[in-house]
Every structure is written in structure tokens, then in C-alpha cells.
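> protein-v4.txt (compact mmCIF, C-alpha atoms) pasted underneath:
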# COMPACT_ATOMS: atom_id res chain seq x y z
CA MET A 1 0.00 0.00 0.00
CA SER A 2 1.05 3.61 -0.51
CA THR A 3 2.39 5.74 2.34
CA ILE A 4 -0.34 6.19 4.94
CA ALA A 5 -1.08 9.61 6.39
CA ILE A 6 -0.67 10.18 10.12
CA GLN A 7 -2.28 12.56 12.60
CA GLU A 8 0.48 15.16 12.22
CA ASP A 9 -0.52 15.60 8.55
CA PHE A 10 -3.80 17.20 9.65
CA LYS A 11 -5.17 19.99 11.80
CA GLU A 12 -8.50 19.10 13.39
CA ILE A 13 -11.22 21.69 12.89
CA ARG A 14 -14.21 20.04 14.56
CA ARG A 15 -16.14 16.84 15.00
CA ILE A 16 -19.06 16.94 12.58
CA ASP A 17 -20.89 13.64 13.12
CA GLU A 18 -21.07 10.43 15.10
CA GLY A 19 -22.68 7.13 14.20
CA GLY A 20 -22.69 3.45 15.00
CA PHE A 21 -19.33 2.89 13.33
CA GLY A 22 -17.45 5.88 14.64
CA ARG A 23 -16.88 9.62 14.64
CA ILE A 24 -16.27 11.91 11.68
CA TYR A 25 -13.88 14.86 11.95
CA LEU A 26 -13.40 17.77 9.58
CA VAL A 27 -9.68 18.46 9.25
CA GLU A 28 -7.35 20.76 7.36
CA VAL A 29 -4.67 18.99 5.30
CA LEU A 30 -1.23 20.22 6.40
CA ASN A 31 0.95 17.84 4.39
CA ARG A 32 1.69 19.59 1.09
CA THR A 33 2.18 16.36 -0.85
CA PHE A 34 -1.17 14.96 0.23
CA LYS A 35 -2.84 18.33 -0.38
CA LYS A 36 -1.48 18.38 -3.94
CA ASN A 37 -2.30 14.73 -4.69
CA TRP A 38 -5.80 14.93 -3.27
CA GLY A 39 -6.57 18.40 -4.63
CA LYS A 40 -8.23 19.35 -1.35
CA ASP A 41 -7.45 21.67 1.56
CA ARG A 42 -10.04 20.02 3.80
CA VAL A 43 -11.16 16.42 4.16
CA CYS A 44 -13.18 14.28 6.54
CA ILE A 45 -11.70 11.49 8.63
CA LYS A 46 -13.94 8.68 9.83
CA VAL A 47 -12.48 7.22 13.01
CA PRO A 48 -13.71 3.83 14.33
CA LYS A 49 -15.47 3.98 17.68
CA ASP A 50 -13.46 1.13 19.19
CA LYS A 51 -10.91 -1.58 18.40
CA GLU A 52 -13.63 -3.96 17.24
CA LYS A 53 -14.76 -1.48 14.60
CA GLU A 54 -11.15 -0.81 13.66
CA MET A 55 -10.54 -4.54 13.14
CA PHE A 56 -13.62 -4.65 10.92
CA LEU A 57 -12.19 -1.82 8.82
CA ILE A 58 -8.78 -3.44 8.59
CA LYS A 59 -10.20 -6.86 7.75
CA GLU A 60 -12.86 -5.77 5.28
CA VAL A 61 -11.11 -2.89 3.55
CA ILE A 62 -7.55 -1.88 4.36
CA ASN A 63 -6.05 -5.36 3.95
CA ASN A 64 -8.02 -5.99 0.77
CA GLU A 65 -6.05 -4.35 -2.07
CA VAL A 66 -8.81 -5.25 -4.55
CA VAL A 67 -11.37 -3.33 -2.50
CA VAL A 68 -9.03 -0.34 -2.16
CA LYS A 69 -8.44 -0.20 -5.91
CA THR A 70 -12.15 -0.65 -6.59
CA PHE A 71 -13.02 2.28 -4.31
CA GLN A 72 -10.49 4.37 -6.21
CA ILE A 73 -12.09 3.69 -9.61
CA ALA A 74 -15.69 4.00 -8.37
CA LYS A 75 -15.92 7.69 -9.27
CA SER A 76 -19.20 9.58 -9.63
CA GLU A 77 -20.41 13.09 -8.87
CA ASN A 78 -23.05 11.36 -6.73
CA LEU A 79 -20.54 9.48 -4.57
CA VAL A 80 -18.64 11.04 -1.70
CA GLU A 81 -15.07 10.54 -2.88
CA TYR A 82 -13.02 7.92 -1.08
CA ILE A 83 -9.47 9.25 -0.67
CA GLY A 84 -7.55 6.73 1.40
CA PHE A 85 -6.62 5.74 4.93
CA CYS A 86 -4.67 7.28 7.76
CA HIS A 87 -3.70 6.67 11.35
CA TYR A 88 -5.71 9.17 13.42
CA ARG A 89 -6.53 9.41 17.13
CA GLY A 90 -4.94 6.01 17.67
CA TYR A 91 -6.99 4.17 15.02
CA TYR A 92 -6.71 3.24 11.36
CA SER A 93 -9.30 5.53 9.81
CA MET A 94 -10.87 6.36 6.47
CA ILE A 95 -10.31 9.66 4.64
CA MET A 96 -13.20 11.03 2.59
CA GLU A 97 -14.24 14.11 0.66
CA TYR A 98 -15.78 16.85 2.80
CA VAL A 99 -19.33 17.58 1.62
CA GLU A 100 -21.14 20.79 2.57
CA GLY A 101 -24.87 20.37 2.93
CA PRO A 102 -27.45 18.62 5.13
CA THR A 103 -28.13 14.90 5.11
CA LEU A 104 -31.45 13.57 3.89
CA ARG A 105 -32.16 12.64 7.52
CA ALA A 106 -31.83 16.28 8.53
CA LYS A 107 -34.17 17.24 5.69
CA ILE A 108 -37.00 14.81 6.47
CA GLY A 109 -36.54 14.69 10.26
CA ARG A 110 -35.56 12.03 12.74
CA ILE A 111 -37.40 8.71 12.84
CA GLY A 112 -40.84 9.16 14.36
CA LEU A 113 -41.01 12.83 13.36
CA GLN A 114 -40.43 12.63 9.60
CA LYS A 115 -42.07 15.12 7.26
CA PRO A 116 -42.94 13.86 3.75
CA LEU A 117 -41.31 15.42 0.71
CA GLY A 118 -43.07 16.07 -2.59
CA ILE A 119 -42.93 13.46 -5.36
CA LEU A 120 -40.68 15.56 -7.57
CA GLU A 121 -38.09 16.20 -4.88
CA SER A 122 -38.20 12.58 -3.69
CA LEU A 123 -37.71 11.18 -7.19
CA ARG A 124 -34.89 13.61 -7.98
CA ILE A 125 -33.04 12.51 -4.85
CA ALA A 126 -33.67 8.82 -5.54
CA LYS A 127 -32.55 9.18 -9.15
CA GLN A 128 -29.16 10.52 -8.08
CA VAL A 129 -28.75 7.80 -5.44
CA CYS A 130 -29.48 5.30 -8.23
CA LYS A 131 -26.65 6.81 -10.28
CA ALA A 132 -24.26 6.45 -7.34
CA LEU A 133 -25.31 2.85 -6.72
CA SER A 134 -25.06 2.04 -10.42
CA GLN A 135 -21.41 3.05 -10.37
CA LEU A 136 -20.75 0.99 -7.24
CA HIS A 137 -22.59 -2.03 -8.58
CA LYS A 138 -20.66 -1.92 -11.85
CA CYS A 139 -17.56 -2.33 -9.70
CA LYS A 140 -19.30 -5.17 -7.80
CA ILE A 141 -19.45 -3.08 -4.64
CA PHE A 142 -22.40 -3.80 -2.33
CA HIS A 143 -22.90 -0.68 -0.18
CA ARG A 144 -24.87 -2.40 2.62
CA ASP A 145 -25.86 0.74 4.53
CA ILE A 146 -28.14 2.88 2.37
CA LYS A 147 -29.98 5.22 4.75
CA PRO A 148 -30.93 8.93 4.94
CA GLU A 149 -27.95 9.64 7.22
CA ASN A 150 -25.60 8.60 4.38
CA ILE A 151 -27.23 10.76 1.70
CA PHE A 152 -26.07 14.39 1.45
CA ILE A 153 -27.96 17.20 -0.30
CA CYS A 154 -25.37 19.70 -1.52
CA LYS A 155 -26.07 23.40 -2.02
CA ASN A 156 -26.12 22.93 -5.80
CA GLN A 157 -28.77 20.19 -5.34
CA ILE A 158 -26.30 17.44 -6.24
CA VAL A 159 -26.99 14.40 -4.09
CA LYS A 160 -24.03 12.41 -2.77
CA LEU A 161 -24.02 8.94 -1.26
CA SER A 162 -21.46 8.42 1.47
CA ASP A 163 -20.17 5.88 3.95
CA LEU A 164 -18.43 3.15 2.03
CA GLY A 165 -16.89 2.06 5.32
CA ILE A 166 -18.97 -1.13 5.49
CA SER A 167 -19.27 -1.68 1.76
CA LYS A 168 -18.13 -4.98 0.38
CA ARG A 169 -16.87 -5.94 -3.05
CA MET A 170 -18.88 -8.89 -4.32
CA ASP A 171 -17.68 -11.59 -6.67
CA SER A 172 -20.42 -12.62 -9.09
CA ALA A 173 -21.62 -15.60 -7.02
CA GLU A 174 -20.77 -14.22 -3.56
CA LYS A 175 -23.13 -13.07 -0.86
CA ALA A 176 -22.11 -10.78 1.99
CA SER A 177 -21.40 -13.05 4.91
CA THR A 178 -21.69 -10.53 7.71
CA VAL A 179 -24.69 -8.58 8.98
CA ALA A 180 -24.02 -4.87 8.57
CA GLY A 181 -26.24 -1.87 8.00
CA THR A 182 -29.10 -0.06 9.74
CA TRP A 183 -32.06 -2.34 10.46
CA PRO A 184 -35.09 -0.27 9.30
CA TYR A 185 -33.51 -0.16 5.81
CA MET A 186 -32.10 -3.69 5.66
CA ALA A 187 -33.44 -6.29 3.28
CA ARG A 188 -34.48 -9.59 4.85
CA GLU A 189 -31.55 -11.41 3.24
CA VAL A 190 -29.07 -8.94 4.79
CA LEU A 191 -30.43 -9.69 8.26
CA CYS A 192 -29.67 -13.34 7.52
CA GLY A 193 -26.13 -12.46 6.41
CA LYS A 194 -26.87 -13.25 2.76
CA GLY A 195 -27.26 -9.84 1.16
CA ASP A 196 -26.13 -8.86 -2.32
CA LEU A 197 -26.39 -5.96 -4.76
CA GLN A 198 -30.17 -6.36 -5.00
CA SER A 199 -30.40 -5.65 -1.27
CA ASP A 200 -29.26 -2.05 -1.91
CA ILE A 201 -32.33 -1.64 -4.15
CA HIS A 202 -34.58 -2.68 -1.24
CA SER A 203 -32.90 -0.11 1.03
CA LEU A 204 -33.40 2.69 -1.51
CA GLY A 205 -37.03 1.62 -1.91
CA VAL A 206 -37.52 1.96 1.85
CA ILE A 207 -36.03 5.47 1.68
CA LEU A 208 -38.34 6.40 -1.21
CA TYR A 209 -41.30 5.15 0.85
CA GLU A 210 -40.11 7.21 3.82
CA MET A 211 -39.63 10.34 1.71
CA VAL A 212 -43.17 10.29 0.23
CA THR A 213 -45.05 9.11 3.35
CA GLY A 214 -43.01 10.25 6.34
CA LYS A 215 -43.14 6.67 7.64
CA LEU A 216 -41.09 3.47 7.47
CA PRO A 217 -42.75 0.54 5.67
CA PHE A 218 -41.70 -2.23 8.06
CA GLY A 219 -41.85 -0.22 11.28
CA ASP A 220 -39.20 1.67 13.24
CA ALA A 221 -38.65 -0.59 16.28
CA TYR A 222 -36.07 -3.37 15.94
CA GLN A 223 -38.33 -6.27 16.93
CA GLU A 224 -41.17 -4.91 14.77
CA VAL A 225 -38.94 -4.70 11.68
CA ILE A 226 -37.56 -8.23 12.21
CA LYS A 227 -41.05 -9.64 12.75
CA ASN A 228 -42.54 -7.98 9.66
CA LEU A 229 -39.63 -8.84 7.36
CA ASN A 230 -39.91 -12.49 8.34
CA ASN A 231 -43.70 -12.66 8.11
CA PRO A 232 -44.74 -13.81 4.60
CA ARG A 233 -48.27 -12.54 5.28
CA PHE A 234 -47.18 -9.02 6.23
CA LYS A 235 -48.46 -6.44 3.75
CA VAL A 236 -46.91 -2.99 3.52
CA ASP A 237 -49.41 -0.13 3.54
CA SER A 238 -49.74 1.35 0.07
CA PRO A 239 -48.06 4.79 -0.05
CA LYS A 240 -50.45 6.22 -2.65
CA GLU A 241 -52.93 7.77 -0.19
CA TYR A 242 -50.08 9.63 1.51
CA ILE A 243 -48.78 10.71 -1.90
CA ARG A 244 -52.22 12.05 -2.88
CA GLU A 245 -52.50 13.96 0.38
CA TYR A 246 -49.18 15.76 -0.07
CA ASN A 247 -49.23 16.12 -3.89
CA LYS A 248 -52.62 17.58 -4.81
CA ASP A 249 -51.47 18.68 -8.27
CA ILE A 250 -50.11 15.27 -9.36
CA ASP A 251 -52.08 13.10 -11.77
CA ASP A 252 -53.56 9.87 -10.37
CA VAL A 253 -51.82 7.88 -13.11
CA VAL A 254 -48.42 9.11 -11.90
CA ILE A 255 -49.34 8.46 -8.27
CA GLU A 256 -50.23 4.86 -9.12
CA GLU A 257 -46.97 4.41 -10.99
CA VAL A 258 -44.91 5.74 -8.06
CA ASP A 259 -46.92 3.56 -5.68
CA ASN A 260 -46.29 0.41 -7.75
CA MET A 261 -42.62 1.26 -8.22
CA ILE A 262 -41.97 1.68 -4.49
CA LEU A 263 -43.85 -1.49 -3.54
CA LYS A 264 -41.93 -3.42 -6.18
CA ALA A 265 -38.59 -2.11 -4.89
CA ILE A 266 -39.30 -3.08 -1.26
CA GLY A 267 -41.10 -6.33 -2.02
CA LEU A 268 -39.91 -9.37 -0.08
CA ASP A 269 -40.18 -11.61 -3.14
CA LEU A 270 -36.90 -10.88 -4.94
CA THR A 271 -38.08 -12.63 -8.11
CA ARG A 272 -40.67 -9.85 -8.55
CA SER A 273 -38.42 -6.96 -7.54
CA TYR A 274 -35.96 -5.00 -9.68
CA LYS A 275 -33.02 -7.14 -10.69
CA THR A 276 -30.63 -4.20 -11.15
CA ILE A 277 -30.41 -0.63 -9.92
CA ASP A 278 -30.45 0.53 -13.54
CA GLU A 279 -33.99 -0.87 -13.95
CA LEU A 280 -35.19 1.24 -11.04
CA TYR A 281 -33.25 4.26 -12.35
CA GLN A 282 -34.98 3.99 -15.76
CA GLU A 283 -38.44 3.86 -14.20
CA ILE A 284 -37.72 6.87 -11.96
CA ASN A 285 -36.30 8.76 -14.93
CA ASP A 286 -39.35 8.03 -17.11
CA ILE A 287 -41.72 9.34 -14.44
CA LEU A 288 -39.56 12.43 -13.83
CA GLU A 289 -39.46 13.24 -17.54
CA ARG A 290 -43.25 13.35 -17.61
CA LEU A 291 -43.53 15.37 -14.40
CA GLU A 292 -40.90 17.89 -15.45
CA LYS A 293 -42.27 18.38 -18.95
CA PRO A 294 -44.66 21.39 -18.93
CA LYS A 295 -48.04 19.90 -18.03
CA GLU A 296 -50.00 22.42 -20.08
CA ASP A 297 -48.34 21.20 -23.30
CA PHE A 298 -49.81 17.73 -22.91
CA GLU A 299 -53.19 18.97 -21.72
CA LEU A 300 -53.47 21.52 -24.54
CA CYS A 301 -52.66 18.89 -27.15
CA ILE A 302 -55.31 16.53 -25.77
CA LYS A 303 -57.83 19.36 -25.61
CA GLU A 304 -57.14 20.22 -29.26
CA ALA A 305 -57.47 16.57 -30.32
CA LYS A 306 -60.80 16.21 -28.49
CA LYS A 307 -62.09 19.38 -30.12
CA LEU A 308 -61.25 18.01 -33.58
CA ARG A 309 -62.96 14.73 -32.71
CA ASN A 310 -66.11 16.45 -31.40
CA ILE A 311 -66.59 18.55 -34.53
CA GLY A 312 -66.29 15.49 -36.73
CA GLN A 313 -62.75 15.99 -38.07
CA THR A 314 -61.75 12.46 -37.14
CA ALA A 315 -58.79 12.18 -39.55
CA LYS A 316 -57.19 15.32 -38.09
CA ALA A 317 -58.07 14.18 -34.56
CA GLU A 318 -56.37 10.82 -35.16
CA ARG A 319 -53.21 12.54 -36.40
CA LYS A 320 -53.25 14.80 -33.33
CA TYR A 321 -53.62 11.88 -30.90
CA LYS A 322 -50.77 10.05 -32.67
CA GLU A 323 -48.70 13.22 -32.42
CA VAL A 324 -49.36 13.31 -28.67
CA LEU A 325 -48.17 9.71 -28.35
CA LYS A 326 -45.04 10.53 -30.35
CA ASN A 327 -44.23 13.62 -28.25
CA PHE A 328 -45.18 12.11 -24.88
CA PRO A 329 -44.17 8.43 -25.15
CA ASN A 330 -43.40 8.23 -21.44
CA ASN A 331 -46.92 9.21 -20.42
CA PRO A 332 -49.36 6.26 -20.25
CA ARG A 333 -52.24 8.69 -20.82
CA SER A 334 -51.00 9.14 -24.40
CA TYR A 335 -51.92 5.49 -25.03
CA TYR A 336 -55.13 5.87 -23.05
CA TYR A 337 -56.46 8.82 -25.06
CA LEU A 338 -55.54 7.34 -28.45
CA SER A 339 -57.30 4.07 -27.54
CA GLU A 340 -60.30 6.06 -26.30
CA PHE A 341 -60.44 7.79 -29.69
CA TYR A 342 -60.40 4.46 -31.56
CA ASN A 343 -63.24 3.19 -29.38
CA TYR A 344 -65.12 6.42 -30.09
CA VAL A 345 -64.85 5.90 -33.87
CA ARG A 346 -65.64 2.18 -33.49
CA ILE A 347 -62.27 0.68 -34.43
CA PRO A 348 -61.80 -1.64 -31.43
CA TYR A 349 -58.92 -3.66 -32.89
CA LYS A 350 -56.79 -0.49 -33.11
CA ALA A 351 -57.78 0.45 -29.56
CA LYS A 352 -56.79 -3.05 -28.40
CA ASN A 353 -53.39 -2.84 -30.15
CA ILE A 354 -52.59 0.59 -28.68
CA LEU A 355 -53.63 -0.50 -25.18
CA SER A 356 -51.57 -3.68 -25.44
CA GLU A 357 -48.52 -1.58 -26.41
CA GLY A 358 -49.19 0.77 -23.52
CA ILE A 359 -49.58 -2.02 -20.97
CA LYS A 360 -46.37 -3.63 -22.18
CA ARG A 361 -44.59 -0.34 -21.42
CA PHE A 362 -46.60 0.56 -18.31
CA PRO A 363 -47.83 -2.71 -16.74
CA GLY A 364 -48.76 -0.87 -13.55
CA SER A 365 -51.20 1.53 -15.22
CA SER A 366 -54.65 0.55 -13.94
CA LEU A 367 -56.40 2.91 -16.37
CA LEU A 368 -54.85 1.17 -19.38
CA HIS A 369 -56.00 -2.21 -18.04
CA TYR A 370 -59.44 -0.72 -17.38
CA ASN A 371 -59.79 0.67 -20.89
CA LEU A 372 -58.58 -2.62 -22.39
CA ALA A 373 -61.26 -4.42 -20.36
CA LEU A 374 -63.95 -2.13 -21.82
CA THR A 375 -62.56 -2.60 -25.34
CA LEU A 376 -62.47 -6.39 -25.04
CA HIS A 377 -65.99 -6.42 -23.58
CA GLU A 378 -67.28 -4.53 -26.63
CA THR A 379 -65.97 -7.35 -28.86
CA GLU A 380 -67.30 -10.01 -26.43
CA ASP A 381 -63.80 -11.20 -25.63
CA PRO A 382 -63.85 -13.30 -22.41
CA LYS A 383 -60.45 -11.83 -21.43
CA ALA A 384 -62.27 -8.61 -20.53
CA LEU A 385 -63.13 -9.95 -17.07
CA LYS A 386 -59.48 -10.74 -16.26
CA GLU A 387 -58.36 -7.25 -17.38
CA LEU A 388 -61.03 -5.59 -15.26
CA GLU A 389 -59.96 -7.61 -12.21
CA LYS A 390 -56.34 -6.62 -12.89
CA ALA A 391 -57.25 -2.92 -13.09
CA ILE A 392 -59.08 -3.10 -9.74
CA GLU A 393 -56.24 -5.07 -8.15
CA ILE A 394 -53.66 -2.44 -9.18
CA GLY A 395 -55.85 0.37 -7.88
CA LEU A 396 -58.08 2.77 -9.82
CA PRO A 397 -58.99 6.38 -8.99
CA GLU A 398 -61.90 6.38 -6.51
CA LYS A 399 -64.67 7.36 -8.96
CA VAL A 400 -63.51 4.92 -11.64
CA GLU A 401 -63.09 2.14 -9.07
CA LYS A 402 -66.77 2.33 -8.06
CA THR A 403 -67.85 1.95 -11.69
CA ALA A 404 -65.36 -0.84 -12.28
CA LYS A 405 -66.62 -2.85 -9.30
CA LEU A 406 -70.22 -2.52 -10.49
CA LEU A 407 -69.18 -3.67 -13.95
CA LEU A 408 -67.28 -6.60 -12.47
CA MET A 409 -70.38 -7.75 -10.57
CA ALA A 410 -72.53 -7.41 -13.71
CA TRP A 411 -70.07 -9.25 -15.96
CA LYS A 412 -69.61 -12.08 -13.46
CA SER A 413 -73.37 -12.54 -13.16
CA ARG A 414 -73.56 -13.22 -16.89
CA HIS A 415 -70.98 -16.01 -16.77
Take the structure in the file and write it out as C-alpha cells.


Amino acid sequence: MSTIAIQEDFKEIRRIDEGGFGRIYLVEVLNRTFKKNWGKDRVCIKVPKDKEKEMFLIKEVINNEVVVKTFQIAKSENLVEYIGFCHYRGYYSMIMEYVEGPTLRAKIGRIGLQKPLGILESLRIAKQVCKALSQLHKCKIFHRDIKPENIFICKNQIVKLSDLGISKRMDSAEKASTVAGTWPYMAREVLCGKGDLQSDIHSLGVILYEMVTGKLPFGDAYQEVIKNLNNPRFKVDSPKEYIREYNKDIDDVVIEEVDNMILKAIGLDLTRSYKTIDELYQEINDILERLEKPKEDFELCIKEAKKLRNIGQTAKAERKYKEVLKNFPNNPRSYYYLSEFYNYVRIPYKAKNILSEGIKRFPGSSLLHYNLALTLHETEDPKALKELEKAIEIGLPEKVEKTAKLLLMAWKSRH
């Protein structure tokens, strides 16, 4: 290993944090060589709390040259930069980039007193954490301790993920053999000492749930979390009602998508969860693109298309609806309105094709399943009943759900 820095190479400014692993100090770099090589006047030093924690650091990281080199190449603007190791306050310690800005924990409040964030802000934070995790996972690094305390919100709104102190580099078939992390955010397999890269996705899903609801999905007491994670019958409360309460201006379709995405990320059945962090990133990005695109553009286009349809200019209306789908491909309502138009002009096979395309892209859109059910029913297709049940299962807006349940009863009575 390269020359290790010692306490005399630094001037301590203040202690800035303390956690389960140890204490973090902000220091000024006095050694000119280190200052030049690192390109920083100030850094943070994470000092283990005791000899047991120090031995963990030495065993898991310092003595593993592969891990050290991997940390060095895992660069991202969304990762707090790992710099190296030093001997400080009598312990082997980790040197990291100093980040100015509050943690996500400070932003949402301590456990039990959390305040929900809006969908937009929550998704923007989660998207950047995904980018950080993607870089780590490409290097086969399993973070193992994703939590609000390790997520920093910088002044320029760049989000940085920190605390690689308990991260572990994973070979392709390896599982982490030690239990490490913070229990409200741990996946069940981590509690059993068998976590892997997919477990980081679960932890981020828990954070997303916490950001939009102000609550933790599996509870906040140790025994409660353990019990719920190990109970196959335990069902997490859907976050969508909380999302509706704190995001009055957000479309129900988007709320359903966010709801389904979060529940999928924290699901205990790994075969139905996201396989990679990039899958979750893509879904978050698609939703953000629709939310950040000026809403009035989409609404005005739909209004214009409906006007053309209502005055009998169906050819022009069709072109306008197709134009909406082309310009807003990441909005499931584009598929919904085009299919609605085809049903209006009595071309059910085109409506069916468009809805099938939409459902393939947005399987969690209850309105697309609902409209497909209506379309299939018009052509006396027996699959209509299954689609209607699927739409209700996913969760429809309140007014639509009442109609759907009445239809379901009527259709079942005829079979």
C-alpha cells in the first residue's frame, strides 16, 4: 500500500458527526504532498469507535487491495469521494471528501417525526442515489448501509451517497457473509447475512417510501422490523394515499406508478423486484421526464385533439392523438387517449393494439388495463373480465373504481 497519512498531517477543525461505526472529523490537510495529490485543503476522517470497529475496517477494507483499488475507480459526482486511509486518534481511519450540505435525515426529520417530501423532490433525490449505486454495482461493490444519514444534499442540489466504510466488493456468485447496516432499511436477506447488490435496491425503496409518506414501511422498532420482514403474510401499507395527500397537483396515473414502483422495490419476493439498480433508475427517470415536462403542453394537445374529434374531423383528430403519443411516449395517458379515440370511432382492434402496447410499457397503469377491459368487452372477448380484475387489483382512482366494481359484478353474473 502507498504511504499512509498520520495525525500530524492534519489539523483538526471540529467533529461533525457520530454514528454506530465511529466519529467523523473535519480536518485541514497540512501535508503539502497529500494536499497536492488529493486536490483538497479540507477532508473528513472517519475514526472507528473502538478496536472492534477498527478490526472490521482493517479486515474488510484496508487489507483488501482489490477493495481499495475498486473504491479508487468507483468515481461519480453522486458518490462522496473515497481518498484513502490514515492513522488518526490512535486508530486506522478512512479519509473522505468533505461535503457541505445537510443529510437527507436532517431534511425529512428524525425517525418518528419525519415530514414527507413532494414526489418531484423525492424522485430527484432517488434518481441521483441510483446513479451512485449504479457506479458501485458496476464495480461489484455492495454498499450495505443505504440510509438517509448517508445521503447528502449539496447546495447545488447534487446528491451524494457516502459511507463506504462497510461496503463490500462482491464476486459474481458471492453473498455478503456478515450482517451490517441499519435495520429499518435492511433487506431480509441482509439480516440473515446473505445480502447482495439487490439488497441495496430494497434499502433505496424503503427510503423512497419514507420520503413520500413520512413513515417506514416495516416499522421503526427493531423487533417490529424483524417480525414484519420475516412474516410472509405481512403487507406494507400502500403509499399512494399519503402521496395524494401531499401532492394535490399530481395526476392519479403518476401516483399509481410511483406507488407500484416503491412497492416493487421493497417487495420481499426478490423474483418480482428490480433485478438491477439501472432498472429502477430507468423507471424513476421516465416518471420524472413526464412530471418535469410542462403539463399544459400535454393537456393543450389533448384538448385540441378532443375538439377536432367532437366537430367530426376524425382524420385530423387521429393525427393529433398520434402526435401526442409521439411527443409524450413516457406518459401512459397518451396510449389511453388514443385508444379512447379508436373506441369512439368504433375501431376496437386499433384500440386493443394501442392499449396492449401501452400495458407492455406501463404494466402498472390501472387505467390502461381498465380501458382494455372495456374494449375487449365490446368485442365479447372473455379476457375482458381478467383485465377488469387486474385494473381493480392495481388500484383505480376512486370514482372509476366504483364503476369498475359494479361492472365486475354485472359481468360475473352473466358467466

> Show me, as a PyMOL selection string, the residues that have an atom within 12 Å of Gly109 in chain A when counting all atoms listed in the file, minus same-chain residues fewer than 3 positions from it.

chain A and resi 102-106+112-117+148-149+210-211+214-215

> Pick from A:Lys350, A:Lys402, A:Val345, A:Val254: nearest to Gly364 in chain A, with only C-alpha atoms counted?

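So, comparing all the options, the nearest one is A:Val254.
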
> Between CA of Tyr242 in chain A and CA of Thr213 in chain A, what is the distance, to one decimal in Å?

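So the answer is 5.4 Å.
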
> Find the distance between CA of Arg32 in chain A and CA of Gln7 in chain A and write it in Å to one decimal.

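Interatomic distance here is 14.1 Å.
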
> My list of candidates is A:Gln128, A:Ile24, A:Leu133, A:Cys139. Which is closest to Arg89 in chain A when distances are computed with all atoms listed in the file?

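Selected residue with least distance to Arg89 in chain A: A:Ile24.
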
> Hey, which of A:Leu376, A:Tyr335, A:Asp286, A:Glu224 ends up closest to Lys360 in chain A? Count all atoms listed in the file.

A:Tyr335

> Looking at A:Ala126, A:Leu30, A:Leu120, A:Ile277, which one is nearest to Tyr246 in chain A, with distances taken over only C-alpha atoms?

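Closest to Tyr246 in chain A of all the choices is A:Leu120.
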
> What does the distance between CA of Ile108 in chain A and CA of Tyr82 in chain A come to in Å, to one decimal place?

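That distance, rounded to one decimal, is 26.1 Å.
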
> In terms of the shortest atom-to-atom distance over all atoms listed in the file, which of A:Glu401, A:Glu12, A:Asp259, A:Glu299 is closest to Asp237 in chain A?

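Smallest separation from Asp237 in chain A among the options: A:Asp259.
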
> Considering all atoms listed in the file, return as number ranges by chain whatever protein or nucleic-acid residues lie within 12 Å of Glu8 in chain A, sequence-local ones (same chain, fewer than 4 positions apart) excluded.

A: 4, 12, 27-31, 86-90

> List as number ranges by chain the protein and nucleic acid residues near Arg272 in chain A, meaning an atom at most 12 Å away when only C-alpha atoms are counted, but skip any in the same chain fewer than 6 places from it.

A: 198, 202, 260-261, 263-266

> Scan for residues within 10 Å of the point (-25.1, 0.5, -9.7) in the coordinates of the file, using all atoms listed in the file, and reply as a ChimeraX atom specification.

/A:129-143,197-198,200-201,276-279,281

> Let me make sure I understand: among A:Leu407, A:Leu300, A:Leu204, A:Met96, which one has the smallest atom-to-atom distance to Leu385 in chain A if we use only C-alpha atoms?

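Closest residue, counting only C-alpha atoms: A:Leu407.
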
> Around all of range 233-245 of chain A's listed atoms, make the axis-aligned box with 4 Å on each side and tell me centre and edge lengths in Å to one decimal, as AutoDock Vina command-line options.


--center_x -49.9 --center_y 0.7 --center_z 1.7 --size_x 14.0 --size_y 34.5 --size_z 17.1

> Near Leu79 in chain A, within 7 Å and counting only C-alpha atoms, which residues show up once chain neighbours fewer than 4 positions away are dropped, as a list in words?

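The filter keeps Lys75, Ala132, Lys160, Leu161 and Ser162 of chain A.
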
> Could you complete range 227-240 of chain A so that it carries N, CA and C atoms, and give it back as a PDB file, in the frame of the given file?


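Below is the file selection-v2.pdb, written as the result:
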ATOM      1  N   LYS A 227     -39.820  -8.857  12.820  1.00  0.00           N
ATOM      2  CA  LYS A 227     -41.050  -9.640  12.750  1.00  0.00           C
ATOM      3  C   LYS A 227     -41.726  -9.478  11.387  1.00  0.00           C
ATOM      4  N   ASN A 228     -41.845  -8.243  10.924  1.00  0.00           N
ATOM      5  CA  ASN A 228     -42.540  -7.980   9.660  1.00  0.00           C
ATOM      6  C   ASN A 228     -41.764  -8.501   8.448  1.00  0.00           C
ATOM      7  N   LEU A 229     -40.446  -8.351   8.477  1.00  0.00           N
ATOM      8  CA  LEU A 229     -39.630  -8.840   7.360  1.00  0.00           C
ATOM      9  C   LEU A 229     -39.697 -10.361   7.239  1.00  0.00           C
ATOM     10  N   ASN A 230     -39.886 -11.026   8.342  1.00  0.00           N
ATOM     11  CA  ASN A 230     -39.910 -12.490   8.340  1.00  0.00           C
ATOM     12  C   ASN A 230     -41.320 -13.073   8.306  1.00  0.00           C
ATOM     13  N   ASN A 231     -42.303 -12.202   8.182  1.00  0.00           N
ATOM     14  CA  ASN A 231     -43.700 -12.660   8.110  1.00  0.00           C
ATOM     15  C   ASN A 231     -44.177 -12.622   6.659  1.00  0.00           C
ATOM     16  N   PRO A 232     -44.328 -13.790   6.012  1.00  0.00           N
ATOM     17  CA  PRO A 232     -44.740 -13.810   4.600  1.00  0.00           C
ATOM     18  C   PRO A 232     -46.119 -13.214   4.354  1.00  0.00           C
ATOM     19  N   ARG A 233     -46.922 -13.100   5.419  1.00  0.00           N
ATOM     20  CA  ARG A 233     -48.270 -12.540   5.280  1.00  0.00           C
ATOM     21  C   ARG A 233     -48.315 -11.031   5.510  1.00  0.00           C
ATOM     22  N   PHE A 234     -47.196 -10.466   5.956  1.00  0.00           N
ATOM     23  CA  PHE A 234     -47.180  -9.020   6.230  1.00  0.00           C
ATOM     24  C   PHE A 234     -47.331  -8.240   4.924  1.00  0.00           C
ATOM     25  N   LYS A 235     -48.210  -7.263   4.944  1.00  0.00           N
ATOM     26  CA  LYS A 235     -48.460  -6.440   3.750  1.00  0.00           C
ATOM     27  C   LYS A 235     -48.168  -4.982   4.076  1.00  0.00           C
ATOM     28  N   VAL A 236     -47.260  -4.405   3.321  1.00  0.00           N
ATOM     29  CA  VAL A 236     -46.910  -2.990   3.520  1.00  0.00           C
ATOM     30  C   VAL A 236     -48.073  -2.107   3.104  1.00  0.00           C
ATOM     31  N   ASP A 237     -48.360  -1.087   3.905  1.00  0.00           N
ATOM     32  CA  ASP A 237     -49.410  -0.130   3.540  1.00  0.00           C
ATOM     33  C   ASP A 237     -49.036   0.577   2.242  1.00  0.00           C
ATOM     34  N   SER A 238     -49.991   0.654   1.327  1.00  0.00           N
ATOM     35  CA  SER A 238     -49.740   1.350   0.070  1.00  0.00           C
ATOM     36  C   SER A 238     -49.437   2.824   0.348  1.00  0.00           C
ATOM     37  N   PRO A 239     -48.399   3.374  -0.292  1.00  0.00           N
ATOM     38  CA  PRO A 239     -48.060   4.790  -0.050  1.00  0.00           C
ATOM     39  C   PRO A 239     -48.924   5.778  -0.828  1.00  0.00           C
ATOM     40  N   LYS A 240     -49.794   5.273  -1.731  1.00  0.00           N
ATOM     41  CA  LYS A 240     -50.450   6.220  -2.650  1.00  0.00           C
ATOM     42  C   LYS A 240     -51.384   7.221  -1.978  1.00  0.00           C
TER      43      LYS A 240
END
